[in-house]
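Engineer: What follows is the file start_25.csv, containing CSV, N, CA and C atoms:
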chain,number,residue,atom,x,y,z
A,4,MET,N,104.1,115.4,119.1
A,4,MET,CA,104.4,114.0,119.3
A,4,MET,C,104.9,113.3,118.1
A,5,ASP,N,105.9,112.5,118.2
A,5,ASP,CA,106.5,111.8,117.1
A,5,ASP,C,105.5,110.7,116.7
A,6,LYS,N,105.6,110.4,115.4
A,6,LYS,CA,104.7,109.3,114.9
A,6,LYS,C,105.2,107.9,115.3
A,7,ILE,N,104.3,107.0,115.4
A,7,ILE,CA,104.7,105.6,115.6
A,7,ILE,C,105.3,105.1,114.3
A,8,LYS,N,106.4,104.5,114.4
A,8,LYS,CA,107.1,103.9,113.2
A,8,LYS,C,106.8,102.5,113.1
A,9,VAL,N,106.1,102.1,112.0
A,9,VAL,CA,105.8,100.7,111.6
A,9,VAL,C,106.6,100.3,110.4
A,10,GLU,N,107.4,99.3,110.6
A,10,GLU,CA,108.3,98.8,109.6
A,10,GLU,C,107.9,97.3,109.3
A,11,LEU,N,107.6,97.1,108.0
A,11,LEU,CA,107.1,95.8,107.6
A,11,LEU,C,108.1,95.2,106.6
A,12,CYS,N,108.5,94.0,106.8
A,12,CYS,CA,109.5,93.3,105.8
A,12,CYS,C,108.7,93.0,104.6
A,13,MET,N,109.2,93.4,103.5
A,13,MET,CA,108.6,93.1,102.2
A,13,MET,C,109.4,92.2,101.3
A,14,GLY,N,110.5,91.6,102.0
A,14,GLY,CA,111.3,90.6,101.3
A,14,GLY,C,110.4,89.4,100.8
A,15,SER,N,110.9,88.7,99.8
A,15,SER,CA,110.1,87.7,99.2
A,15,SER,C,109.6,86.6,100.2
A,16,SER,N,110.4,86.2,101.1
A,16,SER,CA,110.1,85.2,102.1
A,16,SER,C,108.9,85.7,103.0
A,17,CYS,N,109.1,86.8,103.6
A,17,CYS,CA,108.1,87.4,104.5
A,17,CYS,C,106.8,87.7,103.7
A,18,PHE,N,107.0,88.3,102.5
A,18,PHE,CA,105.8,88.7,101.7
A,18,PHE,C,105.0,87.5,101.4
A,19,ALA,N,105.6,86.4,101.0
A,19,ALA,CA,104.9,85.2,100.6
A,19,ALA,C,104.3,84.5,101.8
A,20,ARG,N,104.8,84.7,103.0
A,20,ARG,CA,104.3,84.0,104.1
A,20,ARG,C,103.3,84.8,104.9
A,21,GLY,N,102.8,85.9,104.4
A,21,GLY,CA,101.8,86.6,105.0
A,21,GLY,C,101.9,88.1,105.1
A,22,ASN,N,103.0,88.7,104.8
A,22,ASN,CA,103.1,90.2,104.9
A,22,ASN,C,102.5,90.9,103.8
A,23,SER,N,102.1,90.2,102.7
A,23,SER,CA,101.3,90.8,101.7
A,23,SER,C,100.0,91.2,102.2
A,24,GLN,N,99.4,90.2,103.0
A,24,GLN,CA,98.1,90.5,103.6
A,24,GLN,C,98.2,91.5,104.8
A,25,ALA,N,99.3,91.4,105.5
A,25,ALA,CA,99.5,92.3,106.6
A,25,ALA,C,99.6,93.7,106.1
A,26,LEU,N,100.3,93.9,105.0
A,26,LEU,CA,100.4,95.2,104.3
A,26,LEU,C,99.0,95.8,104.1
A,27,MET,N,98.1,95.0,103.4
A,27,MET,CA,96.8,95.4,103.1
A,27,MET,C,96.0,95.8,104.4
A,28,ASN,N,96.1,94.9,105.4
A,28,ASN,CA,95.4,95.1,106.7
A,28,ASN,C,95.9,96.4,107.4
A,29,LEU,N,97.2,96.7,107.4
A,29,LEU,CA,97.7,97.9,108.0
A,29,LEU,C,97.3,99.1,107.3
A,30,GLU,N,97.4,99.1,105.9
A,30,GLU,CA,97.0,100.3,105.2
A,30,GLU,C,95.6,100.6,105.3
A,31,SER,N,94.7,99.6,105.3
A,31,SER,CA,93.3,99.8,105.5
A,31,SER,C,93.0,100.4,106.9
A,32,TYR,N,93.6,99.8,107.9
A,32,TYR,CA,93.4,100.2,109.2
A,32,TYR,C,93.8,101.7,109.4
A,33,ILE,N,94.9,102.0,108.9
A,33,ILE,CA,95.4,103.4,109.1
A,33,ILE,C,94.5,104.4,108.4
A,34,GLN,N,94.0,104.0,107.2
A,34,GLN,CA,93.1,104.9,106.5
A,34,GLN,C,91.7,105.0,107.1
A,35,GLU,N,91.2,103.9,107.5
A,35,GLU,CA,89.9,103.8,108.1
A,35,GLU,C,89.8,104.6,109.4
A,36,HIS,N,90.9,104.6,110.2
A,36,HIS,CA,90.9,105.3,111.5
A,36,HIS,C,91.6,106.6,111.4
A,37,HIS,N,91.9,107.1,110.2
A,37,HIS,CA,92.5,108.4,110.0
A,37,HIS,C,93.8,108.6,110.9
A,38,LEU,N,94.7,107.6,110.8
A,38,LEU,CA,95.9,107.6,111.6
A,38,LEU,C,97.1,108.1,110.9
A,39,GLU,N,96.9,108.7,109.7
A,39,GLU,CA,98.1,109.1,108.9
A,39,GLU,C,99.0,110.1,109.6
A,40,ASP,N,98.4,110.9,110.5
A,40,ASP,CA,99.2,111.8,111.3
A,40,ASP,C,99.9,111.2,112.5
A,41,GLU,N,99.5,110.0,112.8
A,41,GLU,CA,100.1,109.3,114.0
A,41,GLU,C,101.0,108.2,113.7
A,42,VAL,N,100.9,107.7,112.5
A,42,VAL,CA,101.7,106.5,112.1
A,42,VAL,C,102.5,106.7,110.9
A,43,GLU,N,103.8,106.4,111.0
A,43,GLU,CA,104.7,106.4,109.8
A,43,GLU,C,104.9,105.0,109.4
A,44,PHE,N,104.5,104.7,108.2
A,44,PHE,CA,104.5,103.3,107.7
A,44,PHE,C,105.7,103.2,106.7
A,45,GLU,N,106.5,102.1,106.9
A,45,GLU,CA,107.7,102.0,106.0
A,45,GLU,C,107.9,100.5,105.7
A,46,GLY,N,108.0,100.2,104.4
A,46,GLY,CA,108.3,98.8,104.0
A,46,GLY,C,109.8,98.7,103.7
A,47,HIS,N,110.3,97.5,104.0
A,47,HIS,CA,111.7,97.2,103.8
A,47,HIS,C,111.9,96.0,102.9
A,48,LEU,N,113.0,96.1,102.1
A,48,LEU,CA,113.2,94.9,101.2
A,48,LEU,C,113.6,93.7,102.0
A,49,CYS,N,114.2,93.8,103.2
A,49,CYS,CA,114.5,92.7,104.0
A,49,CYS,C,114.9,93.2,105.4
A,50,LEU,N,114.5,92.5,106.5
A,50,LEU,CA,114.9,92.9,107.8
A,50,LEU,C,115.9,91.9,108.4
A,51,ASN,N,116.4,91.1,107.5
A,51,ASN,CA,117.5,90.1,107.8
A,51,ASN,C,117.2,89.1,108.9
A,52,ALA,N,115.9,88.6,108.9
A,52,ALA,CA,115.5,87.6,109.8
A,52,ALA,C,114.5,86.7,109.1
A,53,CYS,N,114.9,86.3,107.9
A,53,CYS,CA,114.0,85.5,107.1
A,53,CYS,C,113.4,84.3,107.7
A,54,SER,N,114.2,83.5,108.4
A,54,SER,CA,113.8,82.3,109.0
A,54,SER,C,112.8,82.5,110.2
A,55,ASP,N,112.7,83.7,110.7
A,55,ASP,CA,111.8,84.1,111.7
A,55,ASP,C,110.6,84.8,111.2
A,56,GLY,N,110.4,85.0,109.9
A,56,GLY,CA,109.4,85.8,109.4
A,56,GLY,C,108.0,85.1,109.3
A,57,PRO,N,107.0,85.9,109.0
A,57,PRO,CA,107.0,87.3,108.6
A,57,PRO,C,107.4,88.2,109.8
A,58,ASN,N,108.1,89.3,109.4
A,58,ASN,CA,108.6,90.2,110.4
A,58,ASN,C,108.0,91.6,110.3
A,59,LEU,N,107.8,92.2,111.5
A,59,LEU,CA,107.2,93.5,111.6
A,59,LEU,C,107.9,94.2,112.8
A,60,SER,N,108.1,95.5,112.7
A,60,SER,CA,108.6,96.2,113.8
A,60,SER,C,107.7,97.4,114.1
A,61,ILE,N,107.4,97.7,115.3
A,61,ILE,CA,106.5,98.8,115.7
A,61,ILE,C,107.3,99.6,116.8
A,62,ASP,N,107.6,100.8,116.5
A,62,ASP,CA,108.4,101.6,117.4
A,62,ASP,C,109.6,100.9,118.0
A,63,GLY,N,110.3,100.2,117.1
A,63,GLY,CA,111.5,99.5,117.5
A,63,GLY,C,111.4,98.1,118.1
A,64,VAL,N,110.1,97.7,118.4
A,64,VAL,CA,109.9,96.4,118.9
A,64,VAL,C,109.6,95.5,117.8
A,65,ARG,N,110.5,94.4,117.6
A,65,ARG,CA,110.4,93.5,116.5
A,65,ARG,C,109.5,92.4,116.9
A,66,TYR,N,108.6,92.1,116.0
A,66,TYR,CA,107.7,90.9,116.1
A,66,TYR,C,108.0,89.9,115.0
A,67,GLN,N,108.1,88.7,115.4
A,67,GLN,CA,108.4,87.6,114.4
A,67,GLN,C,107.3,86.6,114.3
A,68,HIS,N,107.3,85.9,113.2
A,68,HIS,CA,106.2,84.9,112.9
A,68,HIS,C,104.9,85.6,113.0
A,69,VAL,N,104.8,86.8,112.5
A,69,VAL,CA,103.6,87.6,112.6
A,69,VAL,C,102.4,87.1,111.7
A,70,ASP,N,101.3,86.9,112.4
A,70,ASP,CA,100.1,86.5,111.6
A,70,ASP,C,99.4,87.8,111.1
A,71,SER,N,99.1,87.8,109.9
A,71,SER,CA,98.5,89.1,109.3
A,71,SER,C,97.3,89.5,110.0
A,72,ASN,N,96.6,88.6,110.7
A,72,ASN,CA,95.3,89.0,111.3
A,72,ASN,C,95.6,89.7,112.6
A,73,VAL,N,96.8,89.7,113.2
A,73,VAL,CA,97.0,90.4,114.4
A,73,VAL,C,97.8,91.7,114.3
A,74,VAL,N,98.2,92.1,113.1
A,74,VAL,CA,99.0,93.3,112.9
A,74,VAL,C,98.3,94.6,113.4
A,75,THR,N,97.0,94.6,113.2
A,75,THR,CA,96.2,95.8,113.6
A,75,THR,C,96.1,95.8,115.1
A,76,ASP,N,96.0,94.6,115.8
A,76,ASP,CA,96.0,94.6,117.2
A,76,ASP,C,97.3,95.1,117.8
A,77,LEU,N,98.4,94.7,117.2
A,77,LEU,CA,99.7,95.2,117.6
A,77,LEU,C,99.8,96.7,117.5
A,78,LEU,N,99.3,97.2,116.4
A,78,LEU,CA,99.4,98.7,116.2
A,78,LEU,C,98.5,99.4,117.2
A,79,GLU,N,97.3,98.8,117.5
A,79,GLU,CA,96.4,99.4,118.5
A,79,GLU,C,97.0,99.5,119.8
A,80,LYS,N,97.7,98.4,120.2
A,80,LYS,CA,98.4,98.4,121.5
A,80,LYS,C,99.5,99.5,121.6
A,81,ALA,N,100.2,99.6,120.5
A,81,ALA,CA,101.3,100.6,120.5
A,81,ALA,C,100.7,102.0,120.5
A,82,LEU,N,99.6,102.2,119.8
A,82,LEU,CA,98.9,103.6,119.9
A,82,LEU,C,98.4,103.8,121.3
A,83,ALA,N,97.8,102.8,121.9
A,83,ALA,CA,97.3,103.0,123.3
A,83,ALA,C,98.4,103.3,124.3
A,84,LYS,N,99.5,102.7,124.1
A,84,LYS,CA,100.7,102.9,125.0
A,84,LYS,C,101.2,104.3,124.8
A,85,ARG,N,101.3,104.7,123.5
A,85,ARG,CA,101.8,106.1,123.2
A,85,ARG,C,100.8,107.2,123.8
A,86,ARG,N,99.6,106.9,123.8
A,86,ARG,CA,98.6,107.8,124.3
A,86,ARG,C,98.4,107.8,125.8
A,87,GLY,N,99.1,106.8,126.4
A,87,GLY,CA,99.0,106.7,127.9
A,87,GLY,C,97.7,105.9,128.3
A,88,GLU,N,97.2,105.2,127.4
A,88,GLU,CA,95.9,104.4,127.7
A,88,GLU,C,96.2,103.0,128.2
A,89,ALA,N,97.5,102.6,128.0
A,89,ALA,CA,97.8,101.2,128.4
A,89,ALA,C,98.8,101.1,129.5
Mind turning this structure into structure tokens?

Structural biologist:
Amino acid sequence: MDKIKVELCMGSSCFARGNSQALMNLESYIQEHHLEDEVEFEGHLCLNACSDGPNLSIDGVRYQHVDSNVVTDLLEKALAKRRGEA
């Protein structure tokens, strides 16, 4: 099974508006739940949608105006879908 690809915008605008915390939340969640074999995590310098940030993409689905407190929920939903649980 391919890994779920999580892409987080690390550009200055998104980073300052919450993706710094989103990064910490995602890294902690992946480690705590031993998801390293299921999730490919990638940071980008910019996803070219600064005015809609913070931006996050999970398996090609782009999320905009992302609250850092919901990033793990979004990842859980993607994992459940991938596993056929949703």

Engineer: Work out where the centre of an axis-aligned box around every listed atom of segment 19-38 of chain A lies and how long its edges are once 8 Å is added on each side; give both in Å to one decimal as lines of an AutoDock Vina configuration file.

Structural biologist:
center_x = 97.7
center_y = 96.3
center_z = 106.1
size_x = 31.8
size_y = 40.6
size_z = 27.0

Engineer: List as a list in words the protein and nucleic acid residues near segment 39-48 of chain A, meaning an atom at most 6.5 Å away when only N, CA and C atoms are counted, but skip any in the same chain fewer than 3 places from it.

Structural biologist: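 So, after excluding close chain neighbours, the residues are Asp5, Lys6, Ile7, Lys8, Val9, Glu10, Leu11, Cys12, Met13, Gly14, Ser15, Ile33, Gln34 and His36 of chain A.
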
Engineer: Which residues are near Val69 of chain A? Cut-off 6.5 Å, all atoms listed in the file, ignore same chain within fewer than 2 positions. Put them as a PDB file with N, CA and C atoms, in the frame of the given file.

Structural biologist:
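The new file out_32.pdb reads:
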ATOM      1  N   ASP A  55     112.700  83.700 110.700  1.00  0.00           N
ATOM      2  CA  ASP A  55     111.800  84.100 111.700  1.00  0.00           C
ATOM      3  C   ASP A  55     110.600  84.800 111.200  1.00  0.00           C
ATOM      4  N   GLY A  56     110.400  85.000 109.900  1.00  0.00           N
ATOM      5  CA  GLY A  56     109.400  85.800 109.400  1.00  0.00           C
ATOM      6  C   GLY A  56     108.000  85.100 109.300  1.00  0.00           C
ATOM      7  N   PRO A  57     107.000  85.900 109.000  1.00  0.00           N
ATOM      8  CA  PRO A  57     107.000  87.300 108.600  1.00  0.00           C
ATOM      9  C   PRO A  57     107.400  88.200 109.800  1.00  0.00           C
ATOM     10  N   ASN A  58     108.100  89.300 109.400  1.00  0.00           N
ATOM     11  CA  ASN A  58     108.600  90.200 110.400  1.00  0.00           C
ATOM     12  C   ASN A  58     108.000  91.600 110.300  1.00  0.00           C
ATOM     13  N   LEU A  59     107.800  92.200 111.500  1.00  0.00           N
ATOM     14  CA  LEU A  59     107.200  93.500 111.600  1.00  0.00           C
ATOM     15  C   LEU A  59     107.900  94.200 112.800  1.00  0.00           C
ATOM     16  N   TYR A  66     108.600  92.100 116.000  1.00  0.00           N
ATOM     17  CA  TYR A  66     107.700  90.900 116.100  1.00  0.00           C
ATOM     18  C   TYR A  66     108.000  89.900 115.000  1.00  0.00           C
ATOM     19  N   GLN A  67     108.100  88.700 115.400  1.00  0.00           N
ATOM     20  CA  GLN A  67     108.400  87.600 114.400  1.00  0.00           C
ATOM     21  C   GLN A  67     107.300  86.600 114.300  1.00  0.00           C
ATOM     22  N   SER A  71      99.100  87.800 109.900  1.00  0.00           N
ATOM     23  CA  SER A  71      98.500  89.100 109.300  1.00  0.00           C
ATOM     24  C   SER A  71      97.300  89.500 110.000  1.00  0.00           C
ATOM     25  N   ASN A  72      96.600  88.600 110.700  1.00  0.00           N
ATOM     26  CA  ASN A  72      95.300  89.000 111.300  1.00  0.00           C
ATOM     27  C   ASN A  72      95.600  89.700 112.600  1.00  0.00           C
ATOM     28  N   VAL A  73      96.800  89.700 113.200  1.00  0.00           N
ATOM     29  CA  VAL A  73      97.000  90.400 114.400  1.00  0.00           C
ATOM     30  C   VAL A  73      97.800  91.700 114.300  1.00  0.00           C
TER      31      VAL A  73
END

Engineer: Considering only strand (DSSP E) as DSSP defines it on the backbone, what residues of chain A qualify? List them as a list in words.

Structural biologist: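 After running DSSP on the backbone, chain A has strand (DSSP E) at Ile7, Lys8, Val9, Glu10, Leu11, Cys12, Val42, Glu43, Phe44, Glu45, Gly46, His47, Leu59, Ser60, Ile61, Val64, Arg65 and Tyr66 of chain A.
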
Engineer: Emit the selected residues as a PDB file, keeping the file's coordinate frame, including N, CA and C atoms.

Structural biologist:
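The result, written out as result-v6.pdb:
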ATOM      1  N   ILE A   7     104.300 107.000 115.400  1.00  0.00           N
ATOM      2  CA  ILE A   7     104.700 105.600 115.600  1.00  0.00           C
ATOM      3  C   ILE A   7     105.300 105.100 114.300  1.00  0.00           C
ATOM      4  N   LYS A   8     106.400 104.500 114.400  1.00  0.00           N
ATOM      5  CA  LYS A   8     107.100 103.900 113.200  1.00  0.00           C
ATOM      6  C   LYS A   8     106.800 102.500 113.100  1.00  0.00           C
ATOM      7  N   VAL A   9     106.100 102.100 112.000  1.00  0.00           N
ATOM      8  CA  VAL A   9     105.800 100.700 111.600  1.00  0.00           C
ATOM      9  C   VAL A   9     106.600 100.300 110.400  1.00  0.00           C
ATOM     10  N   GLU A  10     107.400  99.300 110.600  1.00  0.00           N
ATOM     11  CA  GLU A  10     108.300  98.800 109.600  1.00  0.00           C
ATOM     12  C   GLU A  10     107.900  97.300 109.300  1.00  0.00           C
ATOM     13  N   LEU A  11     107.600  97.100 108.000  1.00  0.00           N
ATOM     14  CA  LEU A  11     107.100  95.800 107.600  1.00  0.00           C
ATOM     15  C   LEU A  11     108.100  95.200 106.600  1.00  0.00           C
ATOM     16  N   CYS A  12     108.500  94.000 106.800  1.00  0.00           N
ATOM     17  CA  CYS A  12     109.500  93.300 105.800  1.00  0.00           C
ATOM     18  C   CYS A  12     108.700  93.000 104.600  1.00  0.00           C
ATOM     19  N   VAL A  42     100.900 107.700 112.500  1.00  0.00           N
ATOM     20  CA  VAL A  42     101.700 106.500 112.100  1.00  0.00           C
ATOM     21  C   VAL A  42     102.500 106.700 110.900  1.00  0.00           C
ATOM     22  N   GLU A  43     103.800 106.400 111.000  1.00  0.00           N
ATOM     23  CA  GLU A  43     104.700 106.400 109.800  1.00  0.00           C
ATOM     24  C   GLU A  43     104.900 105.000 109.400  1.00  0.00           C
ATOM     25  N   PHE A  44     104.500 104.700 108.200  1.00  0.00           N
ATOM     26  CA  PHE A  44     104.500 103.300 107.700  1.00  0.00           C
ATOM     27  C   PHE A  44     105.700 103.200 106.700  1.00  0.00           C
ATOM     28  N   GLU A  45     106.500 102.100 106.900  1.00  0.00           N
ATOM     29  CA  GLU A  45     107.700 102.000 106.000  1.00  0.00           C
ATOM     30  C   GLU A  45     107.900 100.500 105.700  1.00  0.00           C
ATOM     31  N   GLY A  46     108.000 100.200 104.400  1.00  0.00           N
ATOM     32  CA  GLY A  46     108.300  98.800 104.000  1.00  0.00           C
ATOM     33  C   GLY A  46     109.800  98.700 103.700  1.00  0.00           C
ATOM     34  N   HIS A  47     110.300  97.500 104.000  1.00  0.00           N
ATOM     35  CA  HIS A  47     111.700  97.200 103.800  1.00  0.00           C
ATOM     36  C   HIS A  47     111.900  96.000 102.900  1.00  0.00           C
ATOM     37  N   LEU A  59     107.800  92.200 111.500  1.00  0.00           N
ATOM     38  CA  LEU A  59     107.200  93.500 111.600  1.00  0.00           C
ATOM     39  C   LEU A  59     107.900  94.200 112.800  1.00  0.00           C
ATOM     40  N   SER A  60     108.100  95.500 112.700  1.00  0.00           N
ATOM     41  CA  SER A  60     108.600  96.200 113.800  1.00  0.00           C
ATOM     42  C   SER A  60     107.700  97.400 114.100  1.00  0.00           C
ATOM     43  N   ILE A  61     107.400  97.700 115.300  1.00  0.00           N
ATOM     44  CA  ILE A  61     106.500  98.800 115.700  1.00  0.00           C
ATOM     45  C   ILE A  61     107.300  99.600 116.800  1.00  0.00           C
ATOM     46  N   VAL A  64     110.100  97.700 118.400  1.00  0.00           N
ATOM     47  CA  VAL A  64     109.900  96.400 118.900  1.00  0.00           C
ATOM     48  C   VAL A  64     109.600  95.500 117.800  1.00  0.00           C
ATOM     49  N   ARG A  65     110.500  94.400 117.600  1.00  0.00           N
ATOM     50  CA  ARG A  65     110.400  93.500 116.500  1.00  0.00           C
ATOM     51  C   ARG A  65     109.500  92.400 116.900  1.00  0.00           C
ATOM     52  N   TYR A  66     108.600  92.100 116.000  1.00  0.00           N
ATOM     53  CA  TYR A  66     107.700  90.900 116.100  1.00  0.00           C
ATOM     54  C   TYR A  66     108.000  89.900 115.000  1.00  0.00           C
TER      55      TYR A  66
END

Engineer: Find the distance between atom C of Leu82 of chain A and atom CA of Glu30 of chain A and write it in Å to one decimal.

Structural biologist: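 For atom C of Leu82 of chain A relative to atom CA of Glu30 of chain A, the distance reads 16.5 Å.
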
Engineer: From a DSSP pass on the backbone, collect the residues of chain A flagged as helix (DSSP H, G or I) and hand them back as a count of residues only.

Structural biologist: 37
